>>> print(open('structure-v8.cif').read())   # mmCIF, C-alpha atoms
data_run
loop_
_atom_site.group_PDB
_atom_site.id
_atom_site.type_symbol
_atom_site.label_atom_id
_atom_site.label_comp_id
_atom_site.auth_asym_id
_atom_site.auth_seq_id
_atom_site.Cartn_x
_atom_site.Cartn_y
_atom_site.Cartn_z
ATOM 1 C CA MET A 1 0.000 0.000 0.000
ATOM 2 C CA THR A 2 1.285 3.456 -0.869
ATOM 3 C CA GLU A 3 1.517 5.742 2.146
ATOM 4 C CA LEU A 4 -0.024 9.183 1.874
ATOM 5 C CA LEU A 5 2.519 11.981 2.114
ATOM 6 C CA ASN A 6 2.142 15.153 4.141
ATOM 7 C CA SER A 7 3.201 18.496 2.662
ATOM 8 C CA ASP A 8 6.804 18.273 3.928
ATOM 9 C CA GLU A 9 7.184 14.747 2.653
ATOM 10 C CA TYR A 10 5.670 15.774 -0.668
ATOM 11 C CA GLU A 11 8.332 18.445 -1.156
ATOM 12 C CA GLN A 12 11.119 16.061 -0.168
ATOM 13 C CA THR A 13 9.828 13.423 -2.563
ATOM 14 C CA ARG A 14 9.700 15.951 -5.409
ATOM 15 C CA ILE A 15 13.330 16.837 -4.724
ATOM 16 C CA LYS A 16 14.345 13.192 -4.650
ATOM 17 C CA LEU A 17 12.517 12.444 -7.898
ATOM 18 C CA ALA A 18 14.168 15.380 -9.668
ATOM 19 C CA ARG A 19 17.565 14.231 -8.446
ATOM 20 C CA LEU A 20 16.999 10.706 -9.722
ATOM 21 C CA GLU A 21 15.836 11.999 -13.110
ATOM 22 C CA GLN A 22 18.987 14.079 -13.397
ATOM 23 C CA ARG A 23 21.319 11.266 -12.360
ATOM 24 C CA LEU A 24 19.690 8.804 -14.746
ATOM 25 C CA ALA A 25 19.981 11.295 -17.596
ATOM 26 C CA GLU A 26 23.695 11.644 -16.835
ATOM 27 C CA LEU A 27 24.141 7.870 -16.752
ATOM 28 C CA GLU A 28 22.374 7.529 -20.103
ATOM 29 C CA HIS A 29 25.035 9.751 -21.663
ATOM 30 C CA ARG A 30 27.901 7.589 -20.482
ATOM 31 C CA THR A 31 29.514 5.211 -22.938
ATOM 32 C CA ASP A 32 31.709 3.287 -20.501
ATOM 33 C CA LEU A 33 28.976 1.187 -18.895
ATOM 34 C CA PRO A 34 28.238 -2.279 -20.303
ATOM 35 C CA ALA A 35 24.787 -2.503 -21.889
ATOM 36 C CA ASP A 36 23.512 -5.170 -19.501
ATOM 37 C CA ARG A 37 24.701 -3.206 -16.451
ATOM 38 C CA MET A 38 23.040 -0.074 -17.775
ATOM 39 C CA ALA A 39 19.817 -1.982 -18.412
ATOM 40 C CA GLU A 40 19.687 -3.241 -14.817
ATOM 41 C CA THR A 41 20.565 0.181 -13.457
ATOM 42 C CA ARG A 42 17.916 1.876 -15.609
ATOM 43 C CA GLN A 43 15.304 -0.605 -14.422
ATOM 44 C CA SER A 44 16.249 0.158 -10.811
ATOM 45 C CA TYR A 45 15.935 3.899 -11.313
ATOM 46 C CA HIS A 46 12.593 3.514 -13.075
ATOM 47 C CA ARG A 47 11.174 1.399 -10.267
ATOM 48 C CA VAL A 48 12.086 3.912 -7.557
ATOM 49 C CA MET A 49 10.988 6.862 -9.689
ATOM 50 C CA GLN A 50 7.664 5.134 -10.295
ATOM 51 C CA GLN A 51 7.199 4.709 -6.531
ATOM 52 C CA TYR A 52 7.911 8.406 -5.953
ATOM 53 C CA LEU A 53 5.538 9.399 -8.752
ATOM 54 C CA ARG A 54 2.785 7.256 -7.282
ATOM 55 C CA GLU A 55 3.192 8.993 -3.903
ATOM 56 C CA LEU A 56 3.217 12.443 -5.512
ATOM 57 C CA LYS A 57 0.095 11.755 -7.545
ATOM 58 C CA LEU A 58 -1.771 10.452 -4.515
ATOM 59 C CA TYR A 59 -0.868 13.599 -2.607
ATOM 60 C CA GLU A 60 -2.003 15.806 -5.485
ATOM 61 C CA ALA A 61 -5.257 13.861 -5.800
ATOM 62 C CA SER A 62 -5.948 14.380 -2.112
ATOM 63 C CA HIS A 63 -5.137 18.102 -2.367
ATOM 64 C CA PRO A 64 -7.151 19.199 -5.434
ATOM 65 C CA LEU A 65 -5.999 22.829 -5.303
ATOM 66 C CA HIS A 66 -2.375 21.760 -5.436
ATOM 67 C CA THR A 67 -0.742 22.438 -8.795
ATOM 68 C CA SER A 68 2.043 20.069 -9.659
ATOM 69 C CA SER A 69 5.187 21.417 -11.279
ATOM 70 C CA THR A 70 6.840 18.027 -11.612
ATOM 71 C CA MET B 1 28.819 -2.713 16.080
ATOM 72 C CA LEU B 2 25.845 -0.730 14.836
ATOM 73 C CA PRO B 3 25.097 2.528 16.696
ATOM 74 C CA PRO B 4 21.763 3.073 18.477
ATOM 75 C CA PHE B 5 18.807 4.768 16.748
ATOM 76 C CA ASP B 6 18.349 8.514 17.081
ATOM 77 C CA VAL B 7 15.221 10.102 18.574
ATOM 78 C CA TYR B 8 13.398 9.657 15.245
ATOM 79 C CA GLY B 9 14.120 5.923 15.110
ATOM 80 C CA ASN B 10 16.794 6.263 12.416
ATOM 81 C CA LEU B 11 20.421 5.213 12.417
ATOM 82 C CA PRO B 12 22.852 8.156 12.548
ATOM 83 C CA ALA B 13 23.951 9.472 9.123
ATOM 84 C CA GLY B 14 26.570 7.464 7.286
ATOM 85 C CA ILE B 15 27.243 3.940 6.081
ATOM 86 C CA HIS B 16 27.507 1.494 8.988
ATOM 87 C CA ALA B 17 29.204 -1.848 8.338
ATOM 88 C CA CYS B 18 27.477 -4.918 9.717
ATOM 89 C CA ALA B 19 27.790 -8.699 9.498
ATOM 90 C CA ILE B 20 24.662 -10.725 8.758
ATOM 91 C CA ASP B 21 24.686 -12.244 12.261
ATOM 92 C CA GLU B 22 24.587 -8.855 13.934
ATOM 93 C CA ARG B 23 21.971 -7.747 11.485
ATOM 94 C CA ALA B 24 19.708 -10.710 12.297
ATOM 95 C CA GLU B 25 20.130 -10.097 16.013
ATOM 96 C CA ARG B 26 19.376 -6.368 15.710
ATOM 97 C CA PHE B 27 16.652 -6.295 13.059
ATOM 98 C CA GLY B 28 15.410 -9.809 12.352
ATOM 99 C CA HIS B 29 12.729 -10.374 14.983
ATOM 100 C CA GLY B 30 9.686 -8.833 16.617
ATOM 101 C CA SER B 31 7.157 -9.111 13.780
ATOM 102 C CA PRO B 32 6.300 -11.469 10.897
ATOM 103 C CA GLU B 33 7.619 -8.847 8.460
ATOM 104 C CA ARG B 34 11.028 -8.753 10.114
ATOM 105 C CA ILE B 35 11.280 -12.526 10.300
ATOM 106 C CA VAL B 36 10.500 -12.900 6.576
ATOM 107 C CA GLU B 37 12.719 -10.000 5.572
ATOM 108 C CA ILE B 38 15.803 -11.241 7.405
ATOM 109 C CA ALA B 39 15.305 -14.677 5.849
ATOM 110 C CA GLU B 40 15.153 -13.112 2.374
ATOM 111 C CA LEU B 41 18.210 -10.999 3.108
ATOM 112 C CA ILE B 42 20.218 -14.057 4.127
ATOM 113 C CA GLU B 43 19.184 -15.786 0.873
ATOM 114 C CA PHE B 44 20.077 -12.676 -1.099
ATOM 115 C CA ILE B 45 23.509 -12.365 0.542
ATOM 116 C CA ASN B 46 24.266 -15.994 -0.301
ATOM 117 C CA TRP B 47 23.211 -15.357 -3.922
ATOM 118 C CA ALA B 48 25.248 -12.129 -4.037
ATOM 119 C CA LYS B 49 28.434 -13.906 -2.974
ATOM 120 C CA LEU B 50 28.012 -16.504 -5.722
ATOM 121 C CA ALA B 51 27.121 -13.877 -8.336
ATOM 122 C CA GLY B 52 30.192 -11.730 -7.724
ATOM 123 C CA VAL B 53 28.498 -8.757 -6.086
ATOM 124 C CA GLU B 54 31.076 -6.445 -4.517
ATOM 125 C CA ARG B 55 29.027 -4.304 -2.137
ATOM 126 C CA VAL B 56 25.548 -4.472 -0.619
ATOM 127 C CA ILE B 57 23.908 -1.529 1.155
ATOM 128 C CA ILE B 58 20.646 -1.884 3.045
ATOM 129 C CA ASN B 59 18.122 0.916 3.494
ATOM 130 C CA GLY B 60 14.429 1.257 4.145
ATOM 131 C CA SER B 61 12.237 0.973 7.177
ATOM 132 C CA PHE B 62 13.913 -2.352 7.931
ATOM 133 C CA VAL B 63 16.912 -0.505 9.390
ATOM 134 C CA THR B 64 14.790 1.796 11.545
ATOM 135 C CA ALA B 65 13.003 1.220 14.836
ATOM 136 C CA ARG B 66 9.736 0.581 12.987
ATOM 137 C CA PRO B 67 8.316 -2.755 14.181
ATOM 138 C CA ASP B 68 6.645 -3.834 10.909
ATOM 139 C CA PRO B 69 8.753 -2.534 8.001
ATOM 140 C CA ASN B 70 7.186 -2.668 4.528
ATOM 141 C CA ASP B 71 10.249 -3.697 2.611
ATOM 142 C CA VAL B 72 14.021 -3.633 2.427
ATOM 143 C CA ASP B 73 15.877 -1.477 -0.075
ATOM 144 C CA VAL B 74 19.008 -3.271 -1.245
ATOM 145 C CA ILE B 75 21.619 -1.381 -3.249
ATOM 146 C CA MET B 76 24.125 -3.693 -4.874
ATOM 147 C CA LEU B 77 27.340 -3.016 -6.767
ATOM 148 C CA PRO B 78 28.142 -5.801 -9.238
ATOM 149 C CA GLY B 79 31.760 -6.858 -9.657
ATOM 150 C CA ASN B 80 33.579 -7.174 -12.972
ATOM 151 C CA ASP B 81 32.592 -10.808 -13.531
ATOM 152 C CA TYR B 82 29.005 -10.465 -12.281
ATOM 153 C CA PRO B 83 26.793 -12.517 -12.473
ATOM 154 C CA ARG B 84 29.273 -15.427 -12.836
ATOM 155 C CA GLY B 85 26.807 -17.722 -14.545
ATOM 156 C CA SER B 86 23.944 -16.900 -12.182
ATOM 157 C CA SER B 87 20.859 -15.051 -13.351
ATOM 158 C CA PRO B 88 21.121 -11.283 -12.954
ATOM 159 C CA ALA B 89 19.428 -9.722 -9.941
ATOM 160 C CA THR B 90 16.605 -8.241 -11.970
ATOM 161 C CA ASP B 91 15.655 -11.758 -13.102
ATOM 162 C CA GLU B 92 15.892 -13.197 -9.602
ATOM 163 C CA GLU B 93 14.216 -10.521 -7.496
ATOM 164 C CA TYR B 94 10.684 -11.901 -7.798
ATOM 165 C CA ILE B 95 11.693 -14.678 -5.388
ATOM 166 C CA TRP B 96 12.467 -12.030 -2.756
ATOM 167 C CA PRO B 97 9.193 -10.080 -2.664
ATOM 168 C CA PHE B 98 10.191 -8.018 0.369
ATOM 169 C CA LEU B 99 13.441 -6.817 -1.190
ATOM 170 C CA GLN B 100 13.608 -3.866 -3.546
ATOM 171 C CA ILE B 101 16.892 -4.410 -5.364
ATOM 172 C CA ILE B 102 18.726 -1.476 -6.886
ATOM 173 C CA VAL B 103 21.659 -2.194 -9.187
ATOM 174 C CA ALA B 104 24.211 0.619 -8.962
ATOM 175 C CA ALA B 105 26.015 1.603 -12.153
ATOM 176 C CA ASP B 106 29.324 2.024 -10.333
ATOM 177 C CA GLU B 107 30.832 3.013 -6.983
ATOM 178 C CA ALA B 108 29.815 6.658 -7.357
ATOM 179 C CA ASP B 109 26.246 5.663 -8.123
ATOM 180 C CA LEU B 110 26.152 3.376 -5.078
ATOM 181 C CA LEU B 111 27.355 6.242 -2.879
ATOM 182 C CA ALA B 112 24.812 8.633 -4.385
ATOM 183 C CA TRP B 113 22.010 6.211 -3.556
ATOM 184 C CA SER B 114 23.404 5.739 -0.045
ATOM 185 C CA HIS B 115 24.078 9.370 0.860
ATOM 186 C CA GLU B 116 21.602 11.353 -1.251
ATOM 187 C CA ASP B 117 18.508 9.282 -1.947
ATOM 188 C CA PHE B 118 18.554 7.134 1.167
ATOM 189 C CA GLY B 119 20.604 9.490 3.337
ATOM 190 C CA THR B 120 17.478 11.366 4.424
ATOM 191 C CA ASP B 121 14.088 10.224 5.615
ATOM 192 C CA ARG B 122 10.758 11.394 4.190
ATOM 193 C CA ARG B 123 11.002 14.639 6.126
ATOM 194 C CA GLY B 124 14.536 15.419 5.025
ATOM 195 C CA ARG B 125 16.204 14.382 8.269
ATOM 196 C CA ASN B 126 19.631 12.775 7.897
ATOM 197 C CA LYS B 127 19.776 9.051 8.495
ATOM 198 C CA GLY B 128 22.148 6.161 8.042
ATOM 199 C CA VAL B 129 22.231 2.993 5.978
ATOM 200 C CA VAL B 130 23.897 -0.369 6.614
ATOM 201 C CA GLU B 131 26.576 -2.061 4.520
ATOM 202 C CA MET B 132 26.451 -5.829 4.666
ATOM 203 C CA LEU B 133 29.892 -7.395 4.937
ATOM 204 C CA LEU B 134 30.092 -10.076 2.242
#
>>> encode(input="structure-v8.cif", output="structure tokens")
Amino acid sequence: MTELLNSDEYEQTRIKLARLEQRLAELEHRTDLPADRMAETRQSYHRVMQQYLRELKLYEASHPLHTSST
Amino acid sequence: MLPPFDVYGNLPAGIHACAIDERAERFGHGSPERIVEIAELIEFINWAKLAGVERVIINGSFVTARPDPNDVDVIMLPGNDYPRGSSPATDEEYIWPFLQIIVAADEADLLAWSHEDFGTDRRGRNKGVVEMLL
């Protein structure tokens, strides 16, 4: 079950998601990582990012006046 | 030896080394979740040794004072000859439903996960993670 965030946790989760997106983008530009390693790493990032997105969307759905900038 | 929890139930910031025996004694009892999770971790550590994993970092509510942790975040750094004929972690992880396995790209990525992503709790307070000694 996905836990509902409070406003502080929502902001922290947004920051963490943005950081992961940036790091993954940097990794995608690297040419020194083996393809299978990069595939496993990408899958790991996507899974955690998906979890964060789920928590953010639940928060936004429970706070209808909140405007997401993610 | 692992340090005590802070007032928020977190380990102090940093990476704290721990053997599986100490880990089981400290975290592996008190609720059905903890009993299942420590059993999965022991299985995972045995697989990791065979598969040539170099480092394993543990995060999540499992390494807090929470009595019934949801899951265990496992950050692993594969070695040069990983997976040594075993299936890769992403193919194996379904057999460890309480583990969320993260495959680090390299040492720097492992440290970023440990210190940045998992180095704070949901409210931004600093917290520690545990490195399993393989």
>>> residues_around(input="structure-v8.cif", residues="Met49 in chain A", least_positions_apart="2", cutoff="12 Å", atoms="all atoms listed in the file", output="count of residues only")
26
>>> interface_residues(input="structure-v8.cif", of="chain A", to="chain B", cutoff="6 Å", atoms="only C-alpha atoms", output="list in words")
Asp8, Glu9, Thr41 and Ser44 of chain A
>>> atom_distance(input="structure-v8.cif", atom1="CA of Ser61 in chain B", atom2="CA of Glu60 in chain A")
24.1 Å
>>> resolve_selection(input="structure-v8.cif", expression="the PyMOL selection byres ((chain B and resi 32-36) around 8)", output="ChimeraX atom specification")
/B:27-31,37-40,62,67-70,98
>>> atom_distance(input="structure-v8.cif", atom1="CA of Leu134 in chain B", atom2="CA of Val53 in chain B")
8.6 Å
>>> residues_near_point(input="structure-v8.cif", point="(-2.7, 16.2, -2.3)", cutoff="12 Å", atoms="only C-alpha atoms", output="ChimeraX atom specification")
/A:4-11,54-68
>>> atom_distance(input="structure-v8.cif", atom1="CA of Val74 in chain B", atom2="CA of Leu99 in chain B")
6.6 Å
>>> residues_near_point(input="structure-v8.cif", point="(35.3, -11.6, -12.8)", cutoff="12 Å", atoms="all atoms listed in the file", output="list in words")
Leu50, Ala51, Gly52, Val53, Glu54, Pro78, Gly79, Asn80, Asp81, Tyr82, Pro83, Arg84 and Gly85 of chain B
>>> write_last_selection(input="structure-v8.cif", atoms="C-alpha atoms", output="short mmCIF file (atom, residue, chain, number, x, y, z; two decimals), in the coordinates of the input")
data_model
loop_
_atom_site.label_atom_id
_atom_site.label_comp_id
_atom_site.auth_asym_id
_atom_site.auth_seq_id
_atom_site.Cartn_x
_atom_site.Cartn_y
_atom_site.Cartn_z
CA LEU B 50 28.01 -16.50 -5.72
CA ALA B 51 27.12 -13.88 -8.34
CA GLY B 52 30.19 -11.73 -7.72
CA VAL B 53 28.50 -8.76 -6.09
CA GLU B 54 31.08 -6.44 -4.52
CA PRO B 78 28.14 -5.80 -9.24
CA GLY B 79 31.76 -6.86 -9.66
CA ASN B 80 33.58 -7.17 -12.97
CA ASP B 81 32.59 -10.81 -13.53
CA TYR B 82 29.00 -10.46 -12.28
CA PRO B 83 26.79 -12.52 -12.47
CA ARG B 84 29.27 -15.43 -12.84
CA GLY B 85 26.81 -17.72 -14.54
#
>>> closest_residue(input="structure-v8.cif", among="B:Gly9, B:Arg66, B:Met1, B:Ala48", to="Glu93 in chain B", atoms="all atoms listed in the file")
B:Ala48
>>> resolve_selection(input="structure-v8.cif", expression="the PyMOL selection byres ((chain B and resi 11-16) around 9)", output="PDB file with C-alpha atoms, in the coordinates of the input")
ATOM      1  CA  MET B   1      28.819  -2.713  16.080  1.00  0.00           C
ATOM      2  CA  LEU B   2      25.845  -0.730  14.836  1.00  0.00           C
ATOM      3  CA  PRO B   3      25.097   2.528  16.696  1.00  0.00           C
ATOM      4  CA  PRO B   4      21.763   3.073  18.477  1.00  0.00           C
ATOM      5  CA  PHE B   5      18.807   4.768  16.748  1.00  0.00           C
ATOM      6  CA  ASP B   6      18.349   8.514  17.081  1.00  0.00           C
ATOM      7  CA  TYR B   8      13.398   9.657  15.245  1.00  0.00           C
ATOM      8  CA  GLY B   9      14.120   5.923  15.110  1.00  0.00           C
ATOM      9  CA  ASN B  10      16.794   6.263  12.416  1.00  0.00           C
ATOM     10  CA  ALA B  17      29.204  -1.848   8.338  1.00  0.00           C
ATOM     11  CA  CYS B  18      27.477  -4.918   9.717  1.00  0.00           C
ATOM     12  CA  ILE B  57      23.908  -1.529   1.155  1.00  0.00           C
ATOM     13  CA  VAL B  63      16.912  -0.505   9.390  1.00  0.00           C
ATOM     14  CA  THR B  64      14.790   1.796  11.545  1.00  0.00           C
ATOM     15  CA  ALA B  65      13.003   1.220  14.836  1.00  0.00           C
ATOM     16  CA  SER B 114      23.404   5.739  -0.045  1.00  0.00           C
ATOM     17  CA  HIS B 115      24.078   9.370   0.860  1.00  0.00           C
ATOM     18  CA  GLY B 119      20.604   9.490   3.337  1.00  0.00           C
ATOM     19  CA  THR B 120      17.478  11.366   4.424  1.00  0.00           C
ATOM     20  CA  ASN B 126      19.631  12.775   7.897  1.00  0.00           C
ATOM     21  CA  LYS B 127      19.776   9.051   8.495  1.00  0.00           C
ATOM     22  CA  GLY B 128      22.148   6.161   8.042  1.00  0.00           C
ATOM     23  CA  VAL B 129      22.231   2.993   5.978  1.00  0.00           C
ATOM     24  CA  VAL B 130      23.897  -0.369   6.614  1.00  0.00           C
ATOM     25  CA  GLU B 131      26.576  -2.061   4.520  1.00  0.00           C
ATOM     26  CA  MET B 132      26.451  -5.829   4.666  1.00  0.00           C
TER      27      MET B 132
END
>>> axis_aligned_box(input="structure-v8.cif", around="range 43-56 of chain A", padding_each_side="4 Å", output="JSON")
{"center_x": 9.5, "center_y": 5.9, "center_z": -9.2, "size_x": 21.5, "size_y": 21.0, "size_z": 18.5}
>>> build_atoms(input="structure-v8.cif", residues="range 55-71 of chain B", atoms="N, CA and C atoms", output="mmCIF file, in the coordinates of the input")
data_model
loop_
_atom_site.group_PDB
_atom_site.id
_atom_site.type_symbol
_atom_site.label_atom_id
_atom_site.label_comp_id
_atom_site.auth_asym_id
_atom_site.auth_seq_id
_atom_site.Cartn_x
_atom_site.Cartn_y
_atom_site.Cartn_z
ATOM 1 N N ARG B 55 29.505 -5.032 -3.328
ATOM 2 C CA ARG B 55 29.027 -4.304 -2.137
ATOM 3 C C ARG B 55 27.509 -4.385 -2.065
ATOM 4 N N VAL B 56 27.001 -4.443 -0.848
ATOM 5 C CA VAL B 56 25.548 -4.472 -0.619
ATOM 6 C C VAL B 56 25.224 -3.484 0.496
ATOM 7 N N ILE B 57 24.359 -2.530 0.186
ATOM 8 C CA ILE B 57 23.908 -1.529 1.155
ATOM 9 C C ILE B 57 22.416 -1.741 1.415
ATOM 10 N N ILE B 58 22.038 -1.661 2.674
ATOM 11 C CA ILE B 58 20.646 -1.884 3.045
ATOM 12 C C ILE B 58 20.042 -0.581 3.559
ATOM 13 N N ASN B 59 18.850 -0.286 3.072
ATOM 14 C CA ASN B 59 18.122 0.916 3.494
ATOM 15 C C ASN B 59 16.677 0.525 3.749
ATOM 16 N N GLY B 60 15.861 1.491 3.983
ATOM 17 C CA GLY B 60 14.429 1.257 4.145
ATOM 18 C C GLY B 60 14.035 1.154 5.599
ATOM 19 N N SER B 61 12.744 0.995 5.810
ATOM 20 C CA SER B 61 12.237 0.973 7.177
ATOM 21 C C SER B 61 12.771 -0.216 7.957
ATOM 22 N N PHE B 62 13.330 -1.186 7.249
ATOM 23 C CA PHE B 62 13.913 -2.352 7.931
ATOM 24 C C PHE B 62 15.034 -1.934 8.881
ATOM 25 N N VAL B 63 15.799 -0.929 8.525
ATOM 26 C CA VAL B 63 16.912 -0.505 9.390
ATOM 27 C C VAL B 63 16.526 0.710 10.228
ATOM 28 N N THR B 64 15.262 0.789 10.596
ATOM 29 C CA THR B 64 14.790 1.796 11.545
ATOM 30 C C THR B 64 14.170 1.056 12.732
ATOM 31 N N ALA B 65 13.640 1.826 13.662
ATOM 32 C CA ALA B 65 13.003 1.220 14.836
ATOM 33 C C ALA B 65 11.587 0.746 14.532
ATOM 34 N N ARG B 66 11.109 0.966 13.326
ATOM 35 C CA ARG B 66 9.736 0.581 12.987
ATOM 36 C C ARG B 66 9.544 -0.933 13.181
ATOM 37 N N PRO B 67 8.484 -1.324 13.885
ATOM 38 C CA PRO B 67 8.316 -2.755 14.181
ATOM 39 C C PRO B 67 7.911 -3.608 12.983
ATOM 40 N N ASP B 68 7.166 -3.029 12.024
ATOM 41 C CA ASP B 68 6.645 -3.834 10.909
ATOM 42 C C ASP B 68 7.024 -3.196 9.567
ATOM 43 N N PRO B 69 8.304 -3.211 9.230
ATOM 44 C CA PRO B 69 8.753 -2.534 8.001
ATOM 45 C C PRO B 69 8.141 -3.124 6.736
ATOM 46 N N ASN B 70 7.815 -2.243 5.788
ATOM 47 C CA ASN B 70 7.186 -2.668 4.528
ATOM 48 C C ASN B 70 8.096 -3.512 3.672
ATOM 49 N N ASP B 71 9.338 -3.042 3.542
ATOM 50 C CA ASP B 71 10.249 -3.697 2.611
ATOM 51 C C ASP B 71 11.689 -3.336 2.972
#
